[in-house]
Every structure is written in C-alpha cells, then in structure tokens.
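**Student:** Pasting in a structure now, in structure tokens, and then I'll have a few things to ask.
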Protein chains: 2
Amino acid sequence: MGILVVGSVALDTVSTPFGEVRDVLGGSAIYFSCAASYFTSVRIVAVVGNDFPHETLDFLRERGVDTSGIARADGETFRWSGSYGEEMGDATTLCTLLNVFQNFRPHVPTTHRREDYLFLANIDPELQMSVLDQVENPRLVICDTMNFWINGKRPDLEALLRRVDVLIVNETEAKSLAGESNPVRAARVIHRMGPSHVVIKMGEHGVLLLGEGKIYRLPAFPVEEVRDPTGAGDAFAGGFVGALAESGDLSLEGMHRALLAGTVTASFTVEAFSLNGLRDVDRQGVEQRCRELEEIAGWSWARNGVGTPRR
Amino acid sequence: MGILVVGSVALDTVSTPFGEVRDVLGGSAIYFSCAASYFTSVRIVAVVGNDFPHETLDFLRERGVDTSGIARADGETFRWSGSYGEEMGDATTLCTLLNVFQNFRPHVPTTHRREDYLFLANIDPELQMSVLDQVENPRLVICDTMNFWINGKRPDLEALLRRVDVLIVNETEAKSLAGESNPVRAARVIHRMGPSHVVIKMGEHGVLLLGEGKIYRLPAFPVEEVRDPTGAGDAFAGGFVGALAESGDLSLEGMHRALLAGTVTASFTVEAFSLNGLRDVDRQGVEQRCRELEEIAGWSWARNGVGTPRR
C-alpha cells in the first residue's frame with residue numbers, strides 16, 4: 001500500500017499579497033509526501049545539493065516518509081522564485097535555477113521498487129519514463145506534467161501516457177494537451193491517449209474526474225484567505241494518492257472519494273506559506289475538514305437519505 | 001405553491017461562434033418561466049410593445065404559464081443584442097433598446113398578488129421594490145440584480161435587499177456588491193445586507209449557496225458544447241425557484257437540492273440558441289439529467305452508503 005514519489009525538492013522564494021518568504025522548503029516531492037503521509041507510507045526519490053539543510057526534512061521522517069532515496073549531488077539545490085498577484089492564479093516565475101536538478105537521473109534503490117503506487121511528479125517525461133522502467137509492476141501509476149513538457153517534449157510525453165493509469169493536470173494543461181477548449185472534451189481526448197482516469201484540477205473551482213466514460217466533480221474546500229498557492233497541486237495529488245493507497249479502493253467511487261482527501265490537503269496548503277499550513281494539521285484535522293467538505297458537496301444530505309430527490 | 005415573476009420580455013439578437021439569431025424570444029421573465037414551468041405554475045408581470053408576436057408565448061401558456069399580466073404598451077418591444085467570443089463568458093452587449101421597457105411601471109393584477117413565491121428578475125431595484133409592495137405576504141422573495149444597479153442605484157438596492165430572502169447573483173456581481181475578492185467572504189457580506197440565503201452562480205463552475213452561516217456547492221452539469229449562454233442565469237433561477245415551490249422544502253437541504261433543478265434547466269438552455277434547448281425537453285428529460293448530476297456530484301455514492309468515507 002506504500003507510495004513511491006519521484007519529483008523535486010526545492011528551496012522556494014515566494015511573494016504574494018500576504019508577504020514574502022526566501023529559500024523555504026518546497027518542491028513537488030515534498031508537498032506530495034507531506035500530504036500523502038496522513039494516509040500511508042511514502043518513499044521519495046529526488047536530488048538535493050550539498051547546501052541543502054537536511055534537518056528541514058525531519059518532520060517528514062517523523063511521519064514515516066522515507067527520505068533515504070534523496071540523493072545528494074555536488075552543487076546547489078534546485079531553486080524556484082515566483083510571485084502571485086491579487087487574483088492568486090498562476091504564479092509569475094521570476095527565476096528558476098535547476099542547479100543539481102539539471103543532471104538529475106533518478107535512480108530507484110532496490111528497496112524502493114516494489115511500492116504499489118507510483119507518483120511521477122512534474123519532471124521531464126524522459127525521466128518519468130526511466131523511473132517507470134525501474135519499478136516492479138506497480139498497481140497504479142499516477143502522473144503530473146506541465147505546459148513546458150506538453151509543448152517541448154510531446155512525443156516523450158505521449159509515449160509515457162500510454163503507460164500511465166491516472167493523469168493529474170490543471171485545466172490549462174489539459175486543454176493544451178488535448179487541443180480542446182472544453183474541459184470535459186479535453187478529459188475524453190486525454191483518456192484516449194492512455195490514462196484510464198483523468199483528473200483535472202480547477203483551483204478554487206474544484207476538480208473533475210473522468211473514468212469509465214463518466215464525469216465526476218468535487219468542489220474545492222472554500223478557503224476564505226488564500227495566502228500562498230504554491231504546492232497546492234502536489235498537495236492535492238498527495239492527499240488523493242495517499243487516500244487511494246490507504247483504502248486500496250480503485251473503483252470509480254473510491255476515486256471520487258479520494259478526491260476529498262486531495263482537496264482537503266490542498267486547502268491546508270494554500271492557507272499559509274510553504275509547508276506551514278499543511279504540516280501543522282493532524283490526521284484528525286484532515287478528517288474533520290473532509291467531513292465538512294462532504295457537507296459542502298451535499299454528500300451528507302444524500303447519505304442521510306432524507307427525502308431523496310426522486311421526483 | 002405558485003410563482004409570480006416580474007422581469008423582461010425581449011427580442012434578442014445574439015451571435016456566438018456557433019451562429020447568429022435575430023429578434024428571437026428572450027428576456028429574464030421568459031427564461032425564468034419556461035424553466036420554472038417544469039415544476040409549478042407561474043404568472044408573469046412584464047411589458048411588450050405592439051410589435052410583439054404574441055403567438056411565440058403559446059408554448060408557455062400550454063405549460064400553465066399565465067401570461068395575462070404581460071401588458072401591451074404603445075411602441076416597440078425591448079431589444080437586446082449581444083455577442084459571445086470563443087470563451088463564452090460574459091456577452092459583449094452591442095445594443096440595448098429599452099423601448100416600452102423604459103416606462104415600465106409594473107402593475108400586479110389582483111389575481112396575481114397571492115402567489116407564495118416571488119421572483120424579482122434583474123430590473124431597476126425601485127421597480128422591484130414597487131412590486132414587493134403590491135404583493136401579499138409571499139412565503140419567499142427571491143431577487144436577481146446586476147452591476148448596472150449595484151453601481152448606479154446602490155441605496156435602492158440596499159433597501160430592497162433588506163426585504164429579500166434569497167439573492168441570486170453571478171460571481172462578478174457578488175464581489176462587486178460586497179466589495180470582496182473572495183466569493184465565500186462576498187456571500188457572507190451580502191447575507192449581512194439582508195438575504196437569509198445567497199446563491200452565487202459561477203457559470204461552468206457551478207453554484208455556491210450560503211445559508212445559516214454554512215457554504216454549499218453544486219457543480220455545473222458538464223455541457224460539452226455551449227452554443228449560446230444567453231438566459232442561463234434566469235433559467236437557473238427558474239429551475240431553482242420552481243423546484244422550491246414544488247417541494248415547499250425551504251430547509252437548507254431543500255435549497256441545496258433545488259440547485260440541482262436550476263443547474264439542469266440552465267444546462268439545457270446553453271445547449272441551443274434562445275429558448276430552443278430548454279423548451280424542447282420534457283419533465284422526464286429534466287429528471288433524467290438531475291439524476292445524472294447527482295451522480296456527477298457524488299450524491300449517488302453517498303446515498304448508497306457503500307463504504308461511507310469515515311476514516
């Protein structure tokens with residue numbers, strides 16, 4: 001039931017209308033692992049430079065995240081700097097220093113190759129493929145990508161997608177990948193590229209799931225003060241895959257339900273800078289917000305079955 | 001259980017990437033009534049010019065809509081012309097000819113004053129207030145408005161809102177009325193202006209309901225080809241108020257459930273020009289799509305109660 005995640009470990013500098021932070025812990029593998037750790041065990045494969053403050057990962061290790069697969073390379077850690085405006089939509093990237101990430105060739109230790117769930121965070125699809133080639137028969141392969149690869153490495157991405165079970169992308173990426181302006185049609189086109197399930201993240205508007213030809217939606221948790229959207233997508237994926245791994249229920253219903261967990265871990269993430277919002281909550285807090293989201297989405301009425309809306 | 005609606009009857013000229021129609025039936029009272037007619041009886045108070053082709057309302061009368069309160073005035077009928085781009089968001093208004101609507105002073109016939117539900121479509125808040133003064137003790141007063149009145153007639157609108165139970169507005173209007181950039185905070189501010197319930201329409205992203213301090217969401221029905229968004233908001237209101245009037249259930253659960261009907265009548269509306277999408281469906285078709293939407297929203301899983309997501 002464990003998860004292997006391959007992605008970035010970064011030091012982020014972020015400014016939003018609520019403030020600015022410098023060289024704080026970030027990266028897709030970190031946000032993902034922290035979110036998933038509420039539900040199951042996680043092993044990370046990534047790389048950092050010799051400037052990386054390893055003690056910043058102590059809190060993850062305490063939660064059962066195996067960081068032994070994070071390689072240390074000569075050079076500086078991957079750094080990203082971005083800025084969000086009032087609308088808190090996509091960040092404006094101010095600076096990306098790949099540093100040791102430039103030559104990252106993920107090596108999956110033999111101890112890490114038999115996890116049931118594999119999450120390929122947003123990295124070069126060639127590297128995602130090389131990881132897929134190293135693992136042994138995972139039960140579910142989940143993958144993220146971005147416009148940079150959709151536009152720049154489409155043949156590699158398409159080859160990868162044929163071997164992926166669930167693609168998680170945001171709405172802009174989905175439309176770009178599919179060449180469609182409607183998200184439902186985009187999901188159908190992506191499904192035909194390989195993934196049996198397609199998850200489209202729509203930020204404050206929630207998430208769309210396509211599976212077995214059917215569409216499902218879940219609203220976002222209505223956060224009243226978004227302070228830093230960085231990492232929300234990876235935290236969503238972490239909660240989603242974590243809940244799937246915990247339940248082992250890969251039916252459509254199980255998938256729909258796991259969206260709850262992803263939505264909730266993402267909501268904690270955006271309420272504070274860096275990992276501060278997500279790491280400060282406990283399992284009980286996550287569960288409580290899942291129940292609140294069930295109420296918001298109308299699941300509670302439906303479950304109570306009082307006067308079900310049959311006309 | 002009947003509804004009284006006061007609003008516009010118009011002849012619309014609309015162009016979208018899917019085509020163009022000229023002088024077709026439109027107006028808030030028409031879209032609203034057509035949608036509500038699937039659920040209950042409706043009486044319209046409005047005005048048309050002596051150029052208005054009255055037989056175009058035959059289909060509404062056949063559905064039990066009382067059009068006897070539509071006054072006929074000397075002059076031409078209200079005309080609106082708008083154009084939608086690829087993204088199908090807000091229309092660009094090309095031309096608004098108020099014509100007989102300019103001097104519209106709604107008179108509610110004595111036969112029309114005792115309906116339980118009153119929908120004040122988007123007209124001058126002074127006129128909305130005058131209608132409210134003419135009716136006798138309605139069970140629920142529901143109101144729509146737009147930025148033109150929010151900016152230009154705020155004191156009148158605020159006076160009206162103190163006497164309204166449910167305000168239905170789109171996201172931009174809600175933010176503008178409340179002076180808030182976050183829709184949840186906007187709903188809370190509007191609630192403090194008077195309405196016990198606030199419904200914020202978010203187009204393809206569904207709808208938000210605030211009541212008793214709590215937030216509820218329902219996704220839009222995932223229409224794959226939006227051909228003409230005109231009237232979607234009024235059709236939503238019609239389905240919503242119609243379903244409330246039919247069930248008589250004004251609890252939060254009843255309100256949440258009625259959003260289903262509004263969402264579905266809106267979805268039929270946007271699939272074709274003018275009333276063509278909405279008028280061609282029957283009650284069975286509306287019910288069928290309500291059930292599909294329950295599935296999309298996850299209500300079906302929840303109702304079946306299989307492995308409810310208690311962790």
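Residue names in the structure tokens use chain letters A, B, ... in the order shown, residue numbers from 1 in each chain, and ligand numbers from 1 in the order shown.
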Using 7 Å as the limit and counting only C-alpha atoms, can you tabulate each residue of chain A that touches chain B, with its shortest atom-to-atom distance in Å and the two atoms involved, as a Markdown table?
**Tutor:**
| residue | atom | partner | partner_atom | distance |
| --- | --- | --- | --- | --- |
| A:Asn182 | CA | B:Glu224 | CA | 6.5 |
| A:Val184 | CA | B:Glu224 | CA | 6.2 |
| A:Arg185 | CA | B:Glu224 | CA | 6.4 |
| A:His205 | CA | B:His205 | CA | 5.9 |
| A:Ile215 | CA | B:Ile296 | CA | 5.9 |
| A:Tyr216 | CA | B:Ile296 | CA | 4.1 |
| A:Arg217 | CA | B:Ala297 | CA | 5.4 |
| A:Leu218 | CA | B:Ala297 | CA | 6.4 |
| A:Pro219 | CA | B:Arg217 | CA | 6.4 |
| A:Pro222 | CA | B:Val184 | CA | 6.7 |
| A:Glu224 | CA | B:Val184 | CA | 6.2 |
| A:Glu253 | CA | B:Trp301 | CA | 6.5 |
| A:Arg257 | CA | B:Pro309 | CA | 6.9 |
| A:Glu287 | CA | B:Arg311 | CA | 7.0 |
| A:Ile296 | CA | B:Tyr216 | CA | 4.1 |
| A:Ala297 | CA | B:Arg217 | CA | 5.4 |
| A:Gly298 | CA | B:Trp299 | CA | 6.8 |
| A:Trp299 | CA | B:Trp299 | CA | 5.4 |
| A:Trp301 | CA | B:Glu253 | CA | 6.5 |
| A:Ala302 | CA | B:Arg303 | CA | 4.8 |
| A:Arg303 | CA | B:Arg303 | CA | 4.3 |
| A:Gly305 | CA | B:Arg303 | CA | 6.0 |
| A:Pro309 | CA | B:Arg257 | CA | 6.9 |
**Student:** I'd like the contact shell of Val166 (chain A) - 6 Å cut-off, only C-alpha atoms, skipping same-chain residues fewer than 2 positions apart - returned as a list in words.
**Tutor:**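 What passes the distance filter is Ile142, Val164, Pro195, His197 and Val198 of chain A.
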**Student:** To one decimal in Å, tell me the separation between CA of Pro53 (chain A) and CA of Val24 (chain A).
**Tutor:** 10.3 Å
**Student:** As a VMD selection string, please: every residue in region 77-303 of chain B that DSSP puts in alpha helix (DSSP H).
**Tutor:** chain B and resid 125 to 134 147 to 152 154 to 161 171 to 178 183 to 192 232 to 247 252 to 270 276 to 279 283 to 296 299 to 303
**Student:** Please extract the residues of region 215-305 of chain A with a backbone DSSP assignment of strand (DSSP E) and present them as a list in words.
**Tutor:**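 Taking region 215-305 of chain A and keeping strand (DSSP E) gives Ile215, Tyr216, Arg217 and Leu218 of chain A.
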**Student:** For the residues in the current selection, export N, CA, C and O atoms as a PDB file, in the first residue's frame.
**Tutor:**
ATOM      1  N   ILE A 215     -18.178  11.480 -16.035  1.00  0.00           N
ATOM      2  CA  ILE A 215     -17.591  12.660 -15.429  1.00  0.00           C
ATOM      3  C   ILE A 215     -18.051  12.765 -13.975  1.00  0.00           C
ATOM      4  O   ILE A 215     -19.226  12.540 -13.676  1.00  0.00           O
ATOM      5  N   TYR A 216     -17.126  13.121 -13.095  1.00  0.00           N
ATOM      6  CA  TYR A 216     -17.459  13.406 -11.702  1.00  0.00           C
ATOM      7  C   TYR A 216     -16.821  14.726 -11.303  1.00  0.00           C
ATOM      8  O   TYR A 216     -15.777  15.091 -11.837  1.00  0.00           O
ATOM      9  N   ARG A 217     -17.456  15.423 -10.382  1.00  0.00           N
ATOM     10  CA  ARG A 217     -16.915  16.699  -9.913  1.00  0.00           C
ATOM     11  C   ARG A 217     -16.889  16.728  -8.394  1.00  0.00           C
ATOM     12  O   ARG A 217     -17.740  16.111  -7.738  1.00  0.00           O
ATOM     13  N   LEU A 218     -15.927  17.438  -7.853  1.00  0.00           N
ATOM     14  CA  LEU A 218     -15.931  17.742  -6.428  1.00  0.00           C
ATOM     15  C   LEU A 218     -15.535  19.204  -6.277  1.00  0.00           C
ATOM     16  O   LEU A 218     -14.562  19.645  -6.907  1.00  0.00           O
TER      17      LEU A 218
END
**Student:** As a VMD selection string, please: the residues near Ala266 (chain B) (cut-off 7 Å, only C-alpha atoms, same-chain neighbours under 4 positions excluded).
**Tutor:** chain B and resid 232 to 233 235 to 236 262 270
**Student:** Find the residue from B:Asp116, B:Glu171, B:Asp282, B:Glu20 that sits nearest to Tyr84 (chain B); use only C-alpha atoms when measuring.
**Tutor:**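 Result for the nearest residue to Tyr84 (chain B): B:Glu20.
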**Student:** Could you check the closest approach to Ile70 (chain B) for each of B:Leu94, B:Thr56, B:Ala29, B:Ile3 and tell me which residue wins, using only C-alpha atoms?
**Tutor:** B:Ala29
**Student:** So what do you get for CA of Pro106 (chain B) versus CA of Leu177 (chain B), distance-wise?
**Tutor:**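 Pair CA of Pro106 (chain B) / CA of Leu177 (chain B) returns 25.1 Å.
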**Student:** Rank nothing, just name the residue among A:Arg114, A:His107, A:Arg162, A:Lys153 nearest to His191 (chain A), using only C-alpha atoms.
**Tutor:** A:Arg162
